[in-house]
Amino acid sequence: MNSSMVLRRFFCFNATTASASKKKPLVFLGSPQVSATVLDALFNASSAPTSSFEVAAIVTQPPSRRDRGRKVLPSPVAEYALDRGFPSDLIFTPERAGEDTFLSALRALQPELCITAAYGNILPTKFLNIPPLGTVNIHPSLLPQYRGAAPVQRALQDGAKETGVSLAFTVRALDAGPVIACEKMEVNDQIKAPDLLALLFSEGSKLLIRELPSIFDGSARVKAQPQDDSKATLAPKITPEDSWLCFDQEASVLHNKVRAFAGWPGTRAKVVIIDDKSGQQNIINLKIITTKVCSNPNIHTNEKDDNITYVKGALIVPCGECTALEVLEVQLPGKKVVNAAAFWNGLRGQKLKFL
């Protein structure tokens with residue numbers, strides 16, 4: 001669609017009332033389900049009688065294969081927007097945010113402000129120069145901690161007891177812009193990454209709506225605090241190779257990794273199933289779904305016997321530094337998640353050992 005057509009479509013969309021045409025155009029960028037939480041908050045706030053802004057367009061990742069690769073589907077944000085009745089021709093899905101045709105269409109909308117929430121694409125300078133009020137990002141960490149693609153996962157992997165969400169202006173350097181506001185949150189030692197991510201974006205949505213008036217009147221730019229780069233830590237992207245567990249590590253390290261990588265890519269271990277009667281050994285890849293650190297030293301297995309035992313609903317796995325991990329839920333390849341009791345019963349007396 002050329003930029004003139006987009007512009008005509010936008011003004012038609014916003015001309016339902018005289019007051020609507022005076023609202024400041026805002027463009028939202030986001031892709032996964034947690035981003036839809038932010039979009040929902042923006043839709044609701046923009047529909048209020050006293051609202052000064054309108055969601056003029058949505059930018060999201062192109063359709064991709066989901067549901068185990070069977071179907072090509074729009075991003076969760078695009079699906080949500082369409083369900084809310086947002087015009088499909090105002091939902092942009094560029095492969096890259098620096099594409100000339102996309103940037104021309106964006107300029108035609110004359111957005112005052114852009115909001116990003118887990119969009120998933122790098123924003124070039126020529127994009128950042130378009131909205132006069134700038135681009136503001138919801139980042140699920142207490143910046144400058146955990147700058148990068150996986151802040152929630154890396155915080156959990158590190159065993160962080162506290163994290164939070166930050167509202168910051170976007171600059172070319174990675175997550176390095178001035179911070180408008182932040183909210184802290186204590187981290188439960190059993191919470192997993194998908195749940196913590198959802199909580200942080202929910203809080204981030206509230207923070208954004210609270211700060212939007214100051215962003216629109218320019219006072220947020222004045223009060224925003226520069227980040228201390230000397231305190232910055234990085235949260236690099238996770239890869240499937242990160243998912244393997246090594247039981248030479250302490251149980252707390254493994255437990256934090258299971259929590260951090262829950263959802264995707266998950267955590268896996270190579271397991272040997274031993275049949276004493278036949279002498280047969282079968283090695284399988286087992287997904288470790290839910291764990292906790294074993295707090296009772298009396299049920300730790302002997303250091304010389306690294307076979308796994310079963311105690312009170314948990315597989316007890318010996319780990320490094322004389323610690324043990326309780327594995328509560330697992331998943332065999334191609335099977336559903338089961339609790340430790342069901343898995344243990346399915347072994348029918350065979351022994352189990354993690355490699």
# chains A, B, ... in the order shown; residues from 1 in each chain; ligands from 1
call {"tool": "residues_around", "arguments": {"residues": "stretch 238-251 of chain A", "least_positions_apart": "5", "cutoff": "9 Å", "atoms": "only C-alpha atoms", "output": "MDAnalysis selection string"}}
result
chainID A and resid 149:150 153:154 256:258 261 264:270 288 292:294 317:326 354:355
call {"tool": "residues_around", "arguments": {"residues": "stretch 190-203 of chain A", "least_positions_apart": "6", "cutoff": "6 Å", "atoms": "only C-alpha atoms", "output": "ChimeraX atom specification"}}
result
/A:34,140,153,165,259-260
call {"tool": "write_last_selection", "arguments": {"atoms": "all heavy atoms", "output": "PDB file, in the first residue's frame"}}
result
ATOM      1  N   VAL A  34       2.759 -11.265  25.210  1.00  0.00           N
ATOM      2  CA  VAL A  34       2.908 -10.267  26.277  1.00  0.00           C
ATOM      3  C   VAL A  34       2.753  -8.854  25.737  1.00  0.00           C
ATOM      4  O   VAL A  34       2.314  -7.951  26.462  1.00  0.00           O
ATOM      5  CB  VAL A  34       4.256 -10.424  27.005  1.00  0.00           C
ATOM      6  CG1 VAL A  34       4.277 -11.680  27.843  1.00  0.00           C
ATOM      7  CG2 VAL A  34       5.430 -10.400  26.020  1.00  0.00           C
ATOM      8  N   PRO A 140      11.674  -5.319  30.289  1.00  0.00           N
ATOM      9  CA  PRO A 140      11.430  -6.061  31.527  1.00  0.00           C
ATOM     10  C   PRO A 140      12.686  -6.326  32.355  1.00  0.00           C
ATOM     11  O   PRO A 140      13.071  -7.465  32.603  1.00  0.00           O
ATOM     12  CB  PRO A 140      10.792  -7.356  31.025  1.00  0.00           C
ATOM     13  CG  PRO A 140      11.382  -7.568  29.680  1.00  0.00           C
ATOM     14  CD  PRO A 140      11.592  -6.200  29.103  1.00  0.00           C
ATOM     15  N   GLN A 153      14.872 -14.084  31.325  1.00  0.00           N
ATOM     16  CA  GLN A 153      15.525 -15.395  31.400  1.00  0.00           C
ATOM     17  C   GLN A 153      16.880 -15.306  32.082  1.00  0.00           C
ATOM     18  O   GLN A 153      17.214 -16.145  32.936  1.00  0.00           O
ATOM     19  CB  GLN A 153      15.680 -15.986  29.991  1.00  0.00           C
ATOM     20  CG  GLN A 153      14.357 -16.324  29.324  1.00  0.00           C
ATOM     21  CD  GLN A 153      13.810 -15.181  28.482  1.00  0.00           C
ATOM     22  OE1 GLN A 153      14.066 -14.000  28.773  1.00  0.00           O
ATOM     23  NE2 GLN A 153      13.068 -15.511  27.443  1.00  0.00           N
ATOM     24  N   VAL A 165      10.582  -3.566  35.783  1.00  0.00           N
ATOM     25  CA  VAL A 165      10.311  -3.149  34.417  1.00  0.00           C
ATOM     26  C   VAL A 165      10.643  -1.670  34.298  1.00  0.00           C
ATOM     27  O   VAL A 165      10.406  -0.890  35.224  1.00  0.00           O
ATOM     28  CB  VAL A 165       8.835  -3.430  34.035  1.00  0.00           C
ATOM     29  CG1 VAL A 165       7.872  -2.692  34.951  1.00  0.00           C
ATOM     30  CG2 VAL A 165       8.566  -3.098  32.577  1.00  0.00           C
ATOM     31  N   ARG A 259      13.936 -22.815  35.507  1.00  0.00           N
ATOM     32  CA  ARG A 259      12.960 -21.710  35.573  1.00  0.00           C
ATOM     33  C   ARG A 259      13.180 -20.715  34.442  1.00  0.00           C
ATOM     34  O   ARG A 259      12.230 -20.228  33.828  1.00  0.00           O
ATOM     35  CB  ARG A 259      13.077 -20.978  36.908  1.00  0.00           C
ATOM     36  CG  ARG A 259      12.744 -21.810  38.117  1.00  0.00           C
ATOM     37  CD  ARG A 259      12.623 -20.940  39.357  1.00  0.00           C
ATOM     38  NE  ARG A 259      13.869 -20.256  39.678  1.00  0.00           N
ATOM     39  CZ  ARG A 259      13.926 -18.998  40.103  1.00  0.00           C
ATOM     40  NH1 ARG A 259      12.836 -18.274  40.216  1.00  0.00           N
ATOM     41  NH2 ARG A 259      15.093 -18.445  40.411  1.00  0.00           N
ATOM     42  N   ALA A 260      14.450 -20.401  34.184  1.00  0.00           N
ATOM     43  CA  ALA A 260      14.774 -19.372  33.204  1.00  0.00           C
ATOM     44  C   ALA A 260      14.399 -19.770  31.788  1.00  0.00           C
ATOM     45  O   ALA A 260      13.908 -18.950  31.008  1.00  0.00           O
ATOM     46  CB  ALA A 260      16.264 -19.052  33.275  1.00  0.00           C
TER      47      ALA A 260
END
call {"tool": "residues_around", "arguments": {"residues": "A:Gly98", "least_positions_apart": "3", "cutoff": "12 Å", "atoms": "only C-alpha atoms", "output": "PyMOL selection string"}}
result
chain A and resi 93-95+101-106+121-130
call {"tool": "select_by_dssp", "arguments": {"residues": "stretch 6-164 of chain A", "states": "strand (DSSP E)", "output": "ChimeraX atom specification"}}
result
/A:24-30,53-59,64-66,71-73,91-92,113-117,135-139,162-164
call {"tool": "residues_around", "arguments": {"residues": "stretch 74-79 of chain A", "least_positions_apart": "4", "cutoff": "12 Å", "atoms": "only C-alpha atoms", "output": "count of residues only"}}
result
40
call {"tool": "atom_distance", "arguments": {"atom1": "atom CA of A:Ala41", "atom2": "atom CA of A:Ser205"}}
result
6.2 Å
call {"tool": "closest_residue", "arguments": {"among": "A:Phe169, A:Ile209, A:Val136, A:Cys182", "to": "A:Asn44", "atoms": "only C-alpha atoms"}}
result
A:Ile209
call {"tool": "atom_distance", "arguments": {"atom1": "atom CA of A:Asn285", "atom2": "atom CA of A:Val271"}}
result
6.2 Å
call {"tool": "select_by_dssp", "arguments": {"residues": "stretch 91-239 of chain A", "states": "alpha helix (DSSP H)", "output": "VMD selection string"}}
result
chain A and resid 100 to 109 125 to 128 151 to 157 193 to 217 219 to 223
call {"tool": "residues_around", "arguments": {"residues": "A:Ser219", "least_positions_apart": "6", "cutoff": "10 Å", "atoms": "only C-alpha atoms", "output": "PyMOL selection string"}}
result
chain A and resi 180+211+213
call {"tool": "residues_around", "arguments": {"residues": "A:Ser166", "least_positions_apart": "3", "cutoff": "7 Å", "atoms": "only C-alpha atoms", "output": "PyMOL selection string"}}
result
chain A and resi 138-143+179+181-183
call {"tool": "closest_residue", "arguments": {"among": "A:Leu332, A:Leu347, A:Ala220, A:Leu167", "to": "A:Leu208", "atoms": "only C-alpha atoms"}}
result
A:Leu167
call {"tool": "residues_around", "arguments": {"residues": "A:Asp217", "least_positions_apart": "2", "cutoff": "12 Å", "atoms": "only C-alpha atoms", "output": "list in words"}}
result
Lys24, Ser52, Phe53, Glu112, Leu113, Pro132, Leu133, Glu211, Leu212, Pro213, Ser214, Ile215, Ser219, Ala220, Arg221, Val222 and Lys223 of chain A
call {"tool": "decode", "arguments": {"residues": "stretch 282-296 of chain A", "atoms": "all heavy atoms", "output": "PDB file, in the first residue's frame"}}
result
ATOM      1  N   ASN A 282      19.170 -47.840  27.690  1.00  0.00           N
ATOM      2  CA  ASN A 282      18.536 -47.008  26.668  1.00  0.00           C
ATOM      3  C   ASN A 282      18.745 -45.541  27.024  1.00  0.00           C
ATOM      4  O   ASN A 282      18.369 -45.097  28.114  1.00  0.00           O
ATOM      5  CB  ASN A 282      17.041 -47.331  26.580  1.00  0.00           C
ATOM      6  CG  ASN A 282      16.372 -46.592  25.437  1.00  0.00           C
ATOM      7  OD1 ASN A 282      17.017 -46.242  24.451  1.00  0.00           O
ATOM      8  ND2 ASN A 282      15.082 -46.350  25.579  1.00  0.00           N
ATOM      9  N   ILE A 283      19.369 -44.783  26.115  1.00  0.00           N
ATOM     10  CA  ILE A 283      19.621 -43.354  26.361  1.00  0.00           C
ATOM     11  C   ILE A 283      18.545 -42.525  25.661  1.00  0.00           C
ATOM     12  O   ILE A 283      18.284 -42.703  24.472  1.00  0.00           O
ATOM     13  CB  ILE A 283      21.017 -42.945  25.844  1.00  0.00           C
ATOM     14  CG1 ILE A 283      22.103 -43.745  26.570  1.00  0.00           C
ATOM     15  CG2 ILE A 283      21.239 -41.444  26.057  1.00  0.00           C
ATOM     16  CD1 ILE A 283      23.505 -43.457  26.063  1.00  0.00           C
ATOM     17  N   ILE A 284      17.909 -41.638  26.429  1.00  0.00           N
ATOM     18  CA  ILE A 284      16.871 -40.766  25.870  1.00  0.00           C
ATOM     19  C   ILE A 284      17.141 -39.317  26.271  1.00  0.00           C
ATOM     20  O   ILE A 284      17.878 -39.045  27.228  1.00  0.00           O
ATOM     21  CB  ILE A 284      15.460 -41.171  26.361  1.00  0.00           C
ATOM     22  CG1 ILE A 284      15.360 -41.068  27.886  1.00  0.00           C
ATOM     23  CG2 ILE A 284      15.083 -42.564  25.889  1.00  0.00           C
ATOM     24  CD1 ILE A 284      13.955 -41.241  28.417  1.00  0.00           C
ATOM     25  N   ASN A 285      16.544 -38.386  25.509  1.00  0.00           N
ATOM     26  CA  ASN A 285      16.564 -36.973  25.877  1.00  0.00           C
ATOM     27  C   ASN A 285      15.276 -36.656  26.641  1.00  0.00           C
ATOM     28  O   ASN A 285      14.177 -36.829  26.105  1.00  0.00           O
ATOM     29  CB  ASN A 285      16.665 -36.086  24.646  1.00  0.00           C
ATOM     30  CG  ASN A 285      17.979 -36.244  23.924  1.00  0.00           C
ATOM     31  OD1 ASN A 285      18.968 -36.658  24.516  1.00  0.00           O
ATOM     32  ND2 ASN A 285      18.001 -35.929  22.630  1.00  0.00           N
ATOM     33  N   LEU A 286      15.431 -36.204  27.854  1.00  0.00           N
ATOM     34  CA  LEU A 286      14.274 -35.937  28.715  1.00  0.00           C
ATOM     35  C   LEU A 286      14.181 -34.449  29.001  1.00  0.00           C
ATOM     36  O   LEU A 286      15.160 -33.815  29.424  1.00  0.00           O
ATOM     37  CB  LEU A 286      14.416 -36.710  30.027  1.00  0.00           C
ATOM     38  CG  LEU A 286      13.230 -36.692  30.992  1.00  0.00           C
ATOM     39  CD1 LEU A 286      12.043 -37.455  30.393  1.00  0.00           C
ATOM     40  CD2 LEU A 286      13.627 -37.304  32.340  1.00  0.00           C
ATOM     41  N   LYS A 287      13.011 -33.854  28.746  1.00  0.00           N
ATOM     42  CA  LYS A 287      12.803 -32.451  29.094  1.00  0.00           C
ATOM     43  C   LYS A 287      12.482 -32.345  30.584  1.00  0.00           C
ATOM     44  O   LYS A 287      11.634 -33.071  31.099  1.00  0.00           O
ATOM     45  CB  LYS A 287      11.673 -31.837  28.275  1.00  0.00           C
ATOM     46  CG  LYS A 287      12.017 -31.627  26.817  1.00  0.00           C
ATOM     47  CD  LYS A 287      10.997 -30.749  26.112  1.00  0.00           C
ATOM     48  CE  LYS A 287      11.147 -29.289  26.518  1.00  0.00           C
ATOM     49  NZ  LYS A 287      10.287 -28.390  25.699  1.00  0.00           N
ATOM     50  N   ILE A 288      13.168 -31.446  31.258  1.00  0.00           N
ATOM     51  CA  ILE A 288      12.949 -31.208  32.683  1.00  0.00           C
ATOM     52  C   ILE A 288      12.051 -29.978  32.800  1.00  0.00           C
ATOM     53  O   ILE A 288      12.451 -28.875  32.422  1.00  0.00           O
ATOM     54  CB  ILE A 288      14.279 -30.988  33.425  1.00  0.00           C
ATOM     55  CG1 ILE A 288      15.272 -32.121  33.092  1.00  0.00           C
ATOM     56  CG2 ILE A 288      14.031 -30.894  34.923  1.00  0.00           C
ATOM     57  CD1 ILE A 288      14.797 -33.503  33.448  1.00  0.00           C
ATOM     58  N   ILE A 289      10.860 -30.165  33.320  1.00  0.00           N
ATOM     59  CA  ILE A 289       9.847 -29.100  33.297  1.00  0.00           C
ATOM     60  C   ILE A 289       9.810 -28.291  34.588  1.00  0.00           C
ATOM     61  O   ILE A 289       9.809 -27.057  34.565  1.00  0.00           O
ATOM     62  CB  ILE A 289       8.451 -29.693  33.017  1.00  0.00           C
ATOM     63  CG1 ILE A 289       8.466 -30.528  31.724  1.00  0.00           C
ATOM     64  CG2 ILE A 289       7.406 -28.586  32.943  1.00  0.00           C
ATOM     65  CD1 ILE A 289       8.826 -29.753  30.478  1.00  0.00           C
ATOM     66  N   THR A 290       9.759 -28.986  35.723  1.00  0.00           N
ATOM     67  CA  THR A 290       9.631 -28.301  37.012  1.00  0.00           C
ATOM     68  C   THR A 290      10.554 -28.952  38.037  1.00  0.00           C
ATOM     69  O   THR A 290      10.620 -30.187  38.121  1.00  0.00           O
ATOM     70  CB  THR A 290       8.184 -28.359  37.536  1.00  0.00           C
ATOM     71  OG1 THR A 290       7.310 -27.808  36.546  1.00  0.00           O
ATOM     72  CG2 THR A 290       8.025 -27.563  38.827  1.00  0.00           C
ATOM     73  N   THR A 291      11.246 -28.118  38.800  1.00  0.00           N
ATOM     74  CA  THR A 291      12.186 -28.615  39.804  1.00  0.00           C
ATOM     75  C   THR A 291      12.103 -27.778  41.081  1.00  0.00           C
ATOM     76  O   THR A 291      11.470 -26.727  41.107  1.00  0.00           O
ATOM     77  CB  THR A 291      13.634 -28.551  39.292  1.00  0.00           C
ATOM     78  OG1 THR A 291      13.956 -27.182  39.000  1.00  0.00           O
ATOM     79  CG2 THR A 291      13.834 -29.393  38.044  1.00  0.00           C
ATOM     80  N   LYS A 292      12.788 -28.233  42.096  1.00  0.00           N
ATOM     81  CA  LYS A 292      13.072 -27.430  43.278  1.00  0.00           C
ATOM     82  C   LYS A 292      14.366 -27.955  43.885  1.00  0.00           C
ATOM     83  O   LYS A 292      14.750 -29.111  43.647  1.00  0.00           O
ATOM     84  CB  LYS A 292      11.923 -27.469  44.290  1.00  0.00           C
ATOM     85  CG  LYS A 292      11.643 -28.823  44.880  1.00  0.00           C
ATOM     86  CD  LYS A 292      10.437 -28.790  45.821  1.00  0.00           C
ATOM     87  CE  LYS A 292      10.707 -27.952  47.056  1.00  0.00           C
ATOM     88  NZ  LYS A 292       9.606 -28.084  48.059  1.00  0.00           N
ATOM     89  N   VAL A 293      15.030 -27.122  44.632  1.00  0.00           N
ATOM     90  CA  VAL A 293      16.268 -27.537  45.281  1.00  0.00           C
ATOM     91  C   VAL A 293      15.925 -28.396  46.489  1.00  0.00           C
ATOM     92  O   VAL A 293      15.082 -28.022  47.310  1.00  0.00           O
ATOM     93  CB  VAL A 293      17.103 -26.314  45.706  1.00  0.00           C
ATOM     94  CG1 VAL A 293      18.353 -26.759  46.460  1.00  0.00           C
ATOM     95  CG2 VAL A 293      17.483 -25.485  44.485  1.00  0.00           C
ATOM     96  N   CYS A 294      16.555 -29.547  46.579  1.00  0.00           N
ATOM     97  CA  CYS A 294      16.307 -30.469  47.683  1.00  0.00           C
ATOM     98  C   CYS A 294      16.885 -29.876  48.972  1.00  0.00           C
ATOM     99  O   CYS A 294      18.083 -29.567  49.042  1.00  0.00           O
ATOM    100  CB  CYS A 294      16.940 -31.820  47.387  1.00  0.00           C
ATOM    101  SG  CYS A 294      16.557 -33.075  48.600  1.00  0.00           S
ATOM    102  N   SER A 295      16.046 -29.717  49.973  1.00  0.00           N
ATOM    103  CA  SER A 295      16.484 -29.079  51.221  1.00  0.00           C
ATOM    104  C   SER A 295      16.804 -30.071  52.324  1.00  0.00           C
ATOM    105  O   SER A 295      17.286 -29.682  53.386  1.00  0.00           O
ATOM    106  CB  SER A 295      15.394 -28.107  51.709  1.00  0.00           C
ATOM    107  OG  SER A 295      14.177 -28.805  51.919  1.00  0.00           O
ATOM    108  N   ASN A 296      16.534 -31.360  52.102  1.00  0.00           N
ATOM    109  CA  ASN A 296      16.747 -32.386  53.131  1.00  0.00           C
ATOM    110  C   ASN A 296      17.997 -33.197  52.802  1.00  0.00           C
ATOM    111  O   ASN A 296      17.969 -34.059  51.931  1.00  0.00           O
ATOM    112  CB  ASN A 296      15.519 -33.297  53.217  1.00  0.00           C
ATOM    113  CG  ASN A 296      15.641 -34.305  54.347  1.00  0.00           C
ATOM    114  OD1 ASN A 296      16.658 -34.369  55.043  1.00  0.00           O
ATOM    115  ND2 ASN A 296      14.597 -35.101  54.522  1.00  0.00           N
TER     116      ASN A 296
END
